[in-house]
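This is final_30.tsv. It holds TSV, C-alpha atoms.
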chain	number	residue	atom	x	y	z
I	1	MET	CA	0.00	0.00	0.00
I	2	ASN	CA	1.35	3.44	-0.97
I	3	LEU	CA	0.88	5.53	2.16
I	4	ARG	CA	1.60	8.76	0.32
I	5	THR	CA	-1.51	8.33	-1.78
I	6	ALA	CA	-3.69	6.70	0.87
I	7	PRO	CA	-6.38	9.03	2.29
I	8	THR	CA	-5.72	7.75	5.83
I	9	ILE	CA	-3.39	5.36	7.63
I	10	ARG	CA	-4.85	2.30	9.35
I	11	VAL	CA	-4.12	2.44	13.09
I	12	GLY	CA	-4.46	-0.15	15.84
I	13	VAL	CA	-4.37	0.67	19.56
I	14	LEU	CA	-2.53	-1.72	21.88
I	15	GLY	CA	-3.85	-1.26	25.43
I	16	PHE	CA	-7.25	0.35	25.98
I	17	GLY	CA	-6.92	1.80	29.46
I	18	ARG	CA	-7.04	5.53	30.14
I	19	MET	CA	-4.34	6.58	27.67
I	20	GLY	CA	-5.36	4.04	25.04
I	21	ALA	CA	-8.89	5.42	25.09
I	22	ILE	CA	-7.56	8.99	24.75
I	23	HIS	CA	-5.37	8.05	21.80
I	24	ALA	CA	-8.19	6.11	20.14
I	25	GLU	CA	-10.37	9.24	20.28
I	26	ALA	CA	-7.50	11.24	18.77
I	27	VAL	CA	-7.21	8.75	15.91
I	28	VAL	CA	-10.96	8.92	15.26
I	29	ALA	CA	-10.76	12.74	15.20
I	30	SER	CA	-7.70	12.84	12.91
I	31	PRO	CA	-8.28	13.42	9.18
I	32	ALA	CA	-5.10	11.46	8.48
I	33	ALA	CA	-5.81	8.29	10.46
I	34	ARG	CA	-8.47	5.58	10.80
I	35	LEU	CA	-8.94	3.32	13.83
I	36	VAL	CA	-9.23	-0.30	12.65
I	37	ALA	CA	-8.42	-2.53	15.67
I	38	VAL	CA	-7.87	-2.60	19.44
I	39	CYS	CA	-5.96	-5.16	21.55
I	40	ASP	CA	-6.31	-5.62	25.31
I	41	THR	CA	-6.50	-8.64	27.63
I	42	SER	CA	-9.30	-7.07	29.66
I	43	VAL	CA	-12.75	-8.21	28.57
I	44	ALA	CA	-14.23	-4.96	29.89
I	45	ALA	CA	-11.71	-2.89	27.92
I	46	ARG	CA	-12.38	-4.82	24.72
I	47	ASP	CA	-16.14	-4.50	25.17
I	48	ARG	CA	-15.77	-0.77	25.78
I	49	ALA	CA	-13.62	-0.31	22.68
I	50	ALA	CA	-16.00	-2.31	20.51
I	51	ARG	CA	-19.00	-0.38	21.81
I	52	LEU	CA	-17.39	3.05	21.40
I	53	HIS	CA	-15.64	2.54	18.09
I	54	ARG	CA	-17.23	-0.49	16.42
I	55	VAL	CA	-13.88	-1.98	15.44
I	56	PRO	CA	-12.52	-5.54	15.78
I	57	VAL	CA	-10.99	-6.21	19.21
I	58	PHE	CA	-8.35	-8.80	20.13
I	59	ASP	CA	-6.70	-10.32	23.19
I	60	ASP	CA	-3.98	-12.01	21.13
I	61	LEU	CA	-0.98	-9.88	20.14
I	62	ALA	CA	0.01	-11.95	17.11
I	63	HIS	CA	-3.56	-11.97	15.77
I	64	PHE	CA	-3.82	-8.20	16.33
I	65	LEU	CA	-0.55	-7.53	14.49
I	66	GLY	CA	-1.70	-9.84	11.71
I	67	GLN	CA	-4.42	-7.36	10.75
I	68	SER	CA	-3.94	-4.87	7.93
I	69	LEU	CA	-2.26	-2.16	10.00
I	70	ASP	CA	-0.04	0.70	8.93
I	71	ALA	CA	0.67	1.82	12.49
I	72	VAL	CA	0.16	0.87	16.14
I	73	ILE	CA	-0.27	3.14	19.14
I	74	ILE	CA	1.21	1.47	22.24
I	75	ALA	CA	-0.63	2.46	25.41
I	76	SER	CA	-0.04	-0.70	27.41
I	77	ASN	CA	1.33	-0.64	30.96
I	78	THR	CA	4.82	0.79	31.21
I	79	GLN	CA	6.65	-2.47	31.96
I	80	TYR	CA	5.40	-3.94	28.66
I	81	HIS	CA	6.34	-1.06	26.36
I	82	ALA	CA	9.68	-2.54	25.29
I	83	ARG	CA	8.38	-5.95	24.25
I	84	HIS	CA	5.39	-4.40	22.49
I	85	ILE	CA	7.63	-1.96	20.60
I	86	ALA	CA	9.85	-4.87	19.54
I	87	ALA	CA	6.83	-6.90	18.39
I	88	CYS	CA	5.52	-3.98	16.32
I	89	ALA	CA	8.96	-3.39	14.80
I	90	ASP	CA	9.13	-7.09	13.85
I	91	ALA	CA	5.70	-6.72	12.25
I	92	GLY	CA	6.95	-3.77	10.17
I	93	VAL	CA	4.34	-1.25	11.34
I	94	ALA	CA	4.89	2.37	12.33
I	95	ILE	CA	5.02	2.91	16.09
I	96	PHE	CA	3.64	5.61	18.37
I	97	THR	CA	4.34	4.75	22.01
I	98	GLU	CA	3.64	6.19	25.39
I	99	LYS	CA	6.76	6.98	27.41
I	100	PRO	CA	9.12	5.58	28.49
I	101	VAL	CA	10.42	3.12	25.92
I	102	GLY	CA	11.82	0.88	28.64
I	103	LEU	CA	12.70	0.86	32.32
I	104	THR	CA	16.49	0.87	31.81
I	105	SER	CA	18.88	2.35	29.27
I	106	GLU	CA	19.91	-1.15	28.20
I	107	GLU	CA	16.35	-2.29	27.58
I	108	SER	CA	15.54	0.95	25.78
I	109	ASP	CA	18.58	0.76	23.50
I	110	ARG	CA	17.92	-2.89	22.62
I	111	VAL	CA	14.38	-2.22	21.54
I	112	LEU	CA	15.17	1.02	19.72
I	113	ALA	CA	17.89	-0.83	17.83
I	114	ALA	CA	15.14	-3.18	16.66
I	115	VAL	CA	13.10	-0.15	15.54
I	116	GLU	CA	15.98	1.28	13.55
I	117	ARG	CA	16.82	-2.12	12.10
I	118	ALA	CA	13.22	-2.48	10.92
I	119	ARG	CA	13.30	1.08	9.49
I	120	VAL	CA	9.78	1.81	10.74
I	121	PRO	CA	8.58	5.30	11.73
I	122	PHE	CA	8.73	5.86	15.49
I	123	GLN	CA	7.30	8.62	17.69
I	124	ILE	CA	7.19	8.87	21.48
I	125	GLY	CA	4.36	10.58	23.35
I	126	TYR	CA	5.98	13.73	24.72
I	127	GLN	CA	2.81	15.71	24.02
I	128	ARG	CA	4.11	19.06	25.28
I	129	ARG	CA	5.91	19.39	21.95
I	130	TRP	CA	2.52	19.52	20.21
I	131	ASP	CA	0.68	21.66	22.77
I	132	ALA	CA	-0.28	25.07	21.33
I	133	GLY	CA	0.99	26.97	24.40
I	134	TYR	CA	4.39	25.30	24.51
I	135	LEU	CA	4.75	25.60	20.72
I	136	GLU	CA	4.15	29.35	20.96
I	137	MET	CA	6.67	29.58	23.81
I	138	LYS	CA	9.21	27.78	21.61
I	139	ARG	CA	8.45	30.09	18.67
I	140	LEU	CA	8.96	33.24	20.75
I	141	ILE	CA	12.22	31.91	22.21
I	142	ASP	CA	13.56	31.04	18.77
I	143	ALA	CA	12.49	34.46	17.47
I	144	GLY	CA	14.61	36.13	20.17
I	145	GLU	CA	11.63	37.85	21.80
I	146	ILE	CA	13.10	37.40	25.30
I	147	GLY	CA	16.77	37.54	24.34
I	148	ARG	CA	18.93	34.57	25.25
I	149	PRO	CA	16.94	32.05	27.33
I	150	VAL	CA	18.86	31.23	30.50
I	151	TYR	CA	16.44	29.66	32.98
I	152	LEU	CA	13.44	27.34	32.89
I	153	LYS	CA	11.16	26.65	35.83
I	154	SER	CA	8.51	24.03	35.16
I	155	TYR	CA	6.23	21.85	37.22
I	156	GLY	CA	3.71	19.07	36.85
I	157	ARG	CA	1.16	18.15	39.51
I	158	ASP	CA	-0.93	15.01	39.37
I	159	PRO	CA	-4.08	14.74	41.52
I	160	ASP	CA	-2.99	11.36	42.98
I	161	ALA	CA	-0.43	8.57	42.82
I	162	SER	CA	-2.60	6.15	40.77
I	163	SER	CA	-3.31	2.59	41.92
I	164	PRO	CA	-0.93	0.96	44.42
I	165	ALA	CA	-1.12	-2.13	42.17
I	166	ASN	CA	0.92	-0.17	39.63
I	167	TRP	CA	3.58	1.16	42.03
I	168	GLY	CA	7.24	0.17	41.82
I	169	PHE	CA	10.25	0.80	39.58
I	170	GLU	CA	9.75	-2.54	37.87
I	171	LYS	CA	6.19	-1.55	36.89
I	172	ASN	CA	6.20	2.14	36.01
I	173	GLY	CA	9.78	3.34	36.53
I	174	GLY	CA	8.90	5.60	39.44
I	175	LEU	CA	8.25	9.34	39.63
I	176	PHE	CA	11.35	10.45	37.70
I	177	VAL	CA	10.94	8.03	34.80
I	178	ASN	CA	7.15	7.97	34.62
I	179	CYS	CA	6.29	11.64	35.24
I	180	ALA	CA	9.18	14.12	35.52
I	181	ILE	CA	10.61	12.80	32.23
I	182	HIS	CA	8.16	15.12	30.41
I	183	ASP	CA	9.91	18.23	31.73
I	184	TYR	CA	13.38	16.88	30.95
I	185	ASP	CA	12.31	16.59	27.33
I	186	LEU	CA	10.68	20.03	27.55
I	187	ALA	CA	13.98	21.65	28.58
I	188	ARG	CA	15.73	20.17	25.53
I	189	PHE	CA	12.84	21.17	23.26
I	190	LEU	CA	12.53	24.79	24.41
I	191	PHE	CA	16.25	25.60	24.63
I	192	GLY	CA	17.61	23.45	21.81
I	193	GLN	CA	20.42	22.38	24.15
I	194	GLU	CA	21.46	19.00	25.54
I	195	ILE	CA	21.35	18.23	29.26
I	196	GLN	CA	24.82	17.65	30.69
I	197	THR	CA	24.37	17.24	34.45
I	198	VAL	CA	21.45	16.33	36.69
I	199	SER	CA	20.88	16.61	40.43
I	200	ALA	CA	17.65	15.58	42.08
I	201	THR	CA	15.94	15.31	45.41
I	202	GLY	CA	12.59	13.97	46.52
I	203	ALA	CA	10.42	12.76	49.36
I	204	VAL	CA	7.28	10.88	50.31
I	205	ALA	CA	4.97	13.59	51.57
I	206	VAL	CA	1.47	12.12	51.26
I	207	TYR	CA	1.38	8.60	49.79
I	208	HIS	CA	3.58	6.90	52.39
I	209	GLY	CA	3.01	3.47	50.90
I	210	LEU	CA	5.28	4.51	48.03
I	211	ALA	CA	8.26	4.33	50.39
I	212	GLU	CA	7.75	0.57	50.66
I	213	VAL	CA	8.56	0.21	46.94
I	214	GLY	CA	11.37	2.80	46.98
I	215	ASP	CA	9.39	5.50	45.22
I	216	ILE	CA	8.35	9.06	46.14
I	217	ASP	CA	5.45	11.42	45.50
I	218	THR	CA	7.35	14.70	45.13
I	219	CYS	CA	10.64	15.58	43.47
I	220	SER	CA	12.76	18.44	42.24
I	221	THR	CA	15.43	18.19	39.55
I	222	THR	CA	18.10	20.68	38.48
I	223	LEU	CA	19.44	20.36	34.94
I	224	ALA	CA	22.53	22.07	33.53
I	225	LEU	CA	22.34	22.43	29.75
I	226	SER	CA	25.07	22.59	27.14
I	227	GLY	CA	24.50	26.25	26.26
I	228	GLY	CA	24.79	27.42	29.86
I	229	ALA	CA	21.06	27.45	30.68
I	230	ILE	CA	19.64	25.99	33.89
I	231	ALA	CA	16.30	24.21	34.27
I	232	VAL	CA	14.57	23.40	37.55
I	233	THR	CA	11.64	21.01	37.38
I	234	GLU	CA	9.18	19.88	40.03
I	235	TRP	CA	6.66	17.07	40.09
I	236	THR	CA	4.15	16.08	42.73
I	237	ARG	CA	1.37	13.49	43.01
I	238	PHE	CA	-1.04	15.13	45.46
I	239	ALA	CA	-2.63	18.18	43.79
I	240	SER	CA	-6.04	18.05	45.47
I	241	TYR	CA	-7.30	20.85	43.21
I	242	GLY	CA	-6.67	18.85	40.02
I	243	TYR	CA	-4.08	18.26	37.30
I	244	ASP	CA	-1.81	21.25	36.78
I	245	VAL	CA	1.26	22.14	34.72
I	246	ALA	CA	3.16	25.38	34.21
I	247	ALA	CA	6.42	26.68	32.78
I	248	GLU	CA	8.35	29.92	32.94
I	249	VAL	CA	11.36	30.80	30.82
I	250	ILE	CA	13.52	33.76	31.79
I	251	GLY	CA	15.70	35.35	29.13
I	252	THR	CA	18.13	38.22	29.06
I	253	ASP	CA	15.41	40.54	27.69
I	254	GLY	CA	12.22	39.23	29.19
I	255	ALA	CA	10.26	36.22	30.38
I	256	LEU	CA	7.53	33.87	29.21
I	257	GLN	CA	4.95	32.32	31.56
I	258	LEU	CA	2.53	29.52	30.75
I	259	GLY	CA	-0.09	28.08	33.10
I	260	GLY	CA	-0.21	28.44	36.88
I	261	ALA	CA	-1.20	31.73	38.55
I	262	ARG	CA	-2.30	34.41	36.11
I	263	ALA	CA	-0.96	37.94	35.72
I	264	GLU	CA	-3.51	39.50	38.06
I	265	GLY	CA	-1.61	38.09	41.05
I	266	LEU	CA	-1.99	35.31	43.59
I	267	ALA	CA	-4.45	32.62	42.56
I	268	ILE	CA	-6.07	30.53	45.29
I	269	ARG	CA	-7.35	27.23	43.93
I	270	ARG	CA	-9.57	25.30	46.27
I	271	ARG	CA	-10.56	21.68	46.14
I	272	SER	CA	-13.25	21.32	43.47
I	273	GLU	CA	-15.37	18.63	41.94
I	274	ALA	CA	-14.58	20.23	38.58
I	275	ALA	CA	-10.89	19.37	38.89
I	276	GLY	CA	-8.55	19.63	35.94
I	277	SER	CA	-7.39	16.57	34.05
I	278	VAL	CA	-4.55	15.62	31.73
I	279	LEU	CA	-7.07	15.26	28.88
I	280	GLY	CA	-8.56	18.66	29.62
I	281	ARG	CA	-5.09	20.24	29.51
I	282	PHE	CA	-3.57	18.28	26.62
I	283	GLY	CA	-6.55	17.18	24.51
I	284	GLN	CA	-5.37	19.30	21.58
I	285	ALA	CA	-1.78	18.10	21.99
I	286	PHE	CA	-2.84	14.43	22.03
I	287	ARG	CA	-4.76	15.00	18.79
I	288	SER	CA	-1.92	16.97	17.20
I	289	SER	CA	0.56	14.25	18.22
I	290	ILE	CA	-1.48	11.65	16.35
I	291	ASP	CA	-1.99	13.99	13.37
I	292	GLU	CA	1.78	14.50	13.15
I	293	PHE	CA	2.47	10.79	13.57
I	294	ALA	CA	-0.01	9.85	10.86
I	295	ALA	CA	1.29	12.56	8.52
I	296	ALA	CA	4.90	11.46	9.05
I	297	VAL	CA	4.00	7.85	8.30
I	298	ARG	CA	2.11	8.82	5.14
I	299	GLU	CA	4.88	11.19	3.97
I	300	GLU	CA	7.61	8.66	4.77
I	301	ARG	CA	9.56	11.05	7.01
I	302	LEU	CA	10.82	10.72	10.58
I	303	PRO	CA	8.15	11.45	13.22
I	304	SER	CA	8.97	13.84	16.05
I	305	PRO	CA	9.77	13.27	18.88
I	306	GLY	CA	11.47	10.06	17.81
I	307	VAL	CA	14.17	7.53	18.64
I	308	HIS	CA	16.85	9.99	19.81
I	309	ASP	CA	14.37	11.93	21.90
I	310	ALA	CA	13.06	8.75	23.50
I	311	ARG	CA	16.60	7.61	24.39
I	312	THR	CA	17.80	11.00	25.62
I	313	ALA	CA	14.95	11.87	27.98
I	314	LEU	CA	15.08	8.36	29.44
I	315	GLN	CA	18.84	8.71	30.06
I	316	VAL	CA	18.21	11.96	31.91
I	317	ALA	CA	15.35	10.43	33.92
I	318	LEU	CA	17.50	7.49	34.96
I	319	ALA	CA	20.34	9.85	35.90
I	320	ALA	CA	17.91	11.90	37.98
I	321	ARG	CA	16.73	8.82	39.83
I	322	GLU	CA	20.36	7.76	40.40
I	323	SER	CA	21.12	11.22	41.79
I	324	TYR	CA	18.22	10.97	44.23
I	325	MET	CA	19.11	7.43	45.31
I	326	LYS	CA	22.71	8.54	45.99
I	327	GLY	CA	21.68	11.47	48.17
I	328	SER	CA	21.19	14.20	45.53
I	329	VAL	CA	24.71	13.98	44.16
I	330	THR	CA	25.34	15.39	40.70
I	331	VAL	CA	25.29	12.67	38.06
I	332	GLN	CA	26.92	13.10	34.67
I	333	VAL	CA	24.53	12.25	31.85
I	334	PRO	CA	26.40	9.70	29.71
I	335	LEU	CA	26.97	10.48	26.06
I	336	LEU	CA	24.71	8.27	24.01
I	337	LYS	CA	26.51	5.96	21.65
I	338	ALA	CA	24.94	5.12	18.33
I	339	ILE	CA	22.60	2.15	18.57
I	340	SER	CA	24.35	-0.89	17.21
I	341	PRO	CA	22.53	-2.55	14.33
I	342	ASP	CA	23.57	-5.84	15.92
I	343	SER	CA	21.58	-5.09	19.10
I	344	ARG	CA	18.64	-7.41	19.55
I	345	GLY	CA	15.19	-6.09	20.40
I	346	ALA	CA	13.24	-7.19	23.45
I	347	ASP	CA	11.44	-10.51	23.15
I	348	SER	CA	8.15	-9.75	21.49
I	349	GLN	CA	6.52	-12.71	23.25
I	350	ALA	CA	3.87	-12.97	20.59
I	351	GLY	CA	0.67	-14.40	21.94
I	352	LYS	CA	-1.48	-13.03	24.69
I	353	CYS	CA	-0.85	-9.33	25.30
I	354	PRO	CA	0.69	-9.24	28.81
I	355	LEU	CA	-1.52	-6.40	30.02
I	356	PRO	CA	-3.14	-6.26	33.44
I	357	PRO	CA	-6.86	-5.50	33.20
I	358	SER	CA	-7.16	-1.82	32.32
I	359	ASP	CA	-9.85	-1.14	34.93
I	360	ASP	CA	-7.50	-2.22	37.74
I	361	VAL	CA	-4.66	0.03	36.63
I	362	TYR	CA	-6.46	3.31	37.10
I	363	VAL	CA	-8.10	2.81	40.47
I	364	THR	CA	-7.38	6.00	42.40
I	365	ALA	CA	-5.10	5.47	45.39
I	366	ARG	CA	-5.79	7.21	48.67
I	367	PRO	CA	-3.10	9.04	50.66
I	368	GLY	CA	-1.06	6.57	52.69
I	369	SER	CA	-2.45	3.53	50.87
I	370	PRO	CA	-0.08	0.55	51.03
I	371	PRO	CA	0.78	-1.33	47.83
I	372	ARG	CA	-1.59	-4.19	47.07

Structure re-expressed in structure tokens:
Amino acid sequence: MNLRTAPTIRVGVLGFGRMGAIHAEAVVASPAARLVAVCDTSVAARDRAARLHRVPVFDDLAHFLGQSLDAVIIASNTQYHARHIAACADAGVAIFTEKPVGLTSEESDRVLAAVERARVPFQIGYQRRWDAGYLEMKRLIDAGEIGRPVYLKSYGRDPDASSPANWGFEKNGGLFVNCAIHDYDLARFLFGQEIQTVSATGAVAVYHGLAEVGDIDTCSTTLALSGGAIAVTEWTRFASYGYDVAAEVIGTDGALQLGGARAEGLAIRRRSEAAGSVLGRFGQAFRSSIDEFAAAVREERLPSPGVHDARTALQVALAARESYMKGSVTVQVPLLKAISPDSRGADSQAGKCPLPPSDDVYVTARPGSPPR
């Protein structure tokens, strides 16, 4: 099939939990893509997908990948990303995946080597790059409207720490790898500089059960970039008022502010039933991410953010976690070597998709809840 002349690309969604459902809606809304299949081991998730989108649903990975697909969106649980990416690369389909690629640099590099060996388009879901506000911030920085950018302050605040069943480095990578990674990529994107050193600190402030699996619910990271800029990022998991993100860039001739308190002064946000959500904040960016991915696949060009961006932000996230575990020491971010074409991808383990039931993954945890 000639994708350049095709009116739309045929997309399957692997994992139909919260993010899979969001991405499926983005595919349906995209003029460049068409949803044709969904794979999930949860009966409830498959029934929901079939009811909402009237597409074939599968619980078998090999059968799913055997459909006529041009691309797959991977929204499975974090610990399965690597093997699902490898399976899709082996199947020769374009790949859009939620972050991170893997839970270690070694796992990530093995699977991304498989992607490059297969020569399939690859895009990772750092949706800030396709958010209208962050894109305008990037445009103004590049246009020199605030002089030379020298400092970034950004934060992300989740309403809760998700389900205790999904806690642990071996499941989601922890706060640095699963959440703060977004702002590490943002620093690179806004400044056009590479991150050279990382120092991080963190604590368990509300969800004390996280300490039992070595994780935290609040962290701060300081990044030193190659052009002399500094970025300070913060992430927490207990924003009772709802999902919240913000960024401020200070330059030699001005500053840019996005999100958070508005110009009129101090904003007091009280607990509300109408709390913000990641979809409410990034709905446009999720849709634009899929539009870009579909367009890149059709036009046979590299999607963005891609392989290098996936590797780099993960390296920084792992360095940040290492810094925290070693008592907030400064950790040098290793220079990434080119992925060896001889590297083997993760075992695709074709067969049943190894996904926990989607409904269990997104049960809201309560402060202090122990892991189940």

With a distance cut-off of 6 Å and all atoms listed in the file, select the neighbouring residues of segment 31-43 of chain I, excluding the residue or stretch itself and same-chain residues fewer than 2 positions from it, and output the selection as a list in words.
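Listing them by chain and then by number gives Thr8, Ile9, Arg10, Val11, Gly12, Val13, Leu14, Gly15, Val27, Ala45, Arg46, Val55, Pro56, Val57, Phe58, Asp59, Ala294, Leu355 and Pro357 of chain I.
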
Can you work out which one of I:Ile141, I:Ala86, I:Ala285, I:Val198 has the shortest atom-to-atom distance to Gln332 of chain I, counting all atoms listed in the file?
I:Val198

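With atom CA of Arg287 of chain I on one side and atom CA of His81 of chain I on the other, the separation reads 20.9 Å.
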
Determine, counting all atoms listed in the file, which protein, DNA and RNA residues have an atom within 9 Å of an atom of segment 231-236 of chain I; residues of the same chain fewer than 2 positions away are not included. Present the result as a ChimeraX atom specification.
/I:150-161,175-176,179-180,183-184,187,216-225,229,238-239,247,249

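Candidate residues I:Ser277, I:Thr104, I:Ser288, I:Ser162 were compared for distance to Ala26 of chain I, and the nearest is I:Ser288, using only C-alpha atoms.
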
Using atom CA of Ile95 of chain I and atom CA of Gln123 of chain I as the two end points, give the distance in Å to one decimal.
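Result for atom CA of Ile95 of chain I versus atom CA of Gln123 of chain I: 6.4 Å, one decimal.
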
Neighbour residues at most 12 Å from (3.5, 13.2, 9.7) (only C-alpha atoms) as a ChimeraX atom specification:
/I:3-4,8-9,30-33,94,96,121-123,288-306

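Once segment 251-262 of chain I and its same-chain neighbours fewer than 6 positions away are set aside, Ile146, Gly147, Arg148, Pro149 and Val150 of chain I remain within 6 Å of it when counting only C-alpha atoms.
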
Best match for closeness to Trp130 of chain I among I:Gly283, I:Phe169, I:Ala317, I:Ser105, counting all atoms listed in the file:
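For Trp130 of chain I, the nearest of the candidates is I:Gly283.
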
Residue nearest Thr312 of chain I - candidates I:Asn178, I:Gln127, I:Gln196, I:Ser340, atoms counted: only C-alpha atoms:
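Result for the nearest residue to Thr312 of chain I: I:Gln196.
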
For atom CA of Ala200 of chain I and atom CA of Asp185 of chain I, the interatomic separation in Å (one decimal)
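Atom-to-atom, atom CA of Ala200 of chain I to atom CA of Asp185 of chain I, that is 15.7 Å.
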
Measuring atom to atom with only C-alpha atoms, identify which of I:Val245, I:Ala29, I:Ala82, I:Ala320 is nearest to Glu107 of chain I.
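Ranking I:Val245, I:Ala29, I:Ala82, I:Ala320 by distance to Glu107 of chain I, first place goes to I:Ala82.
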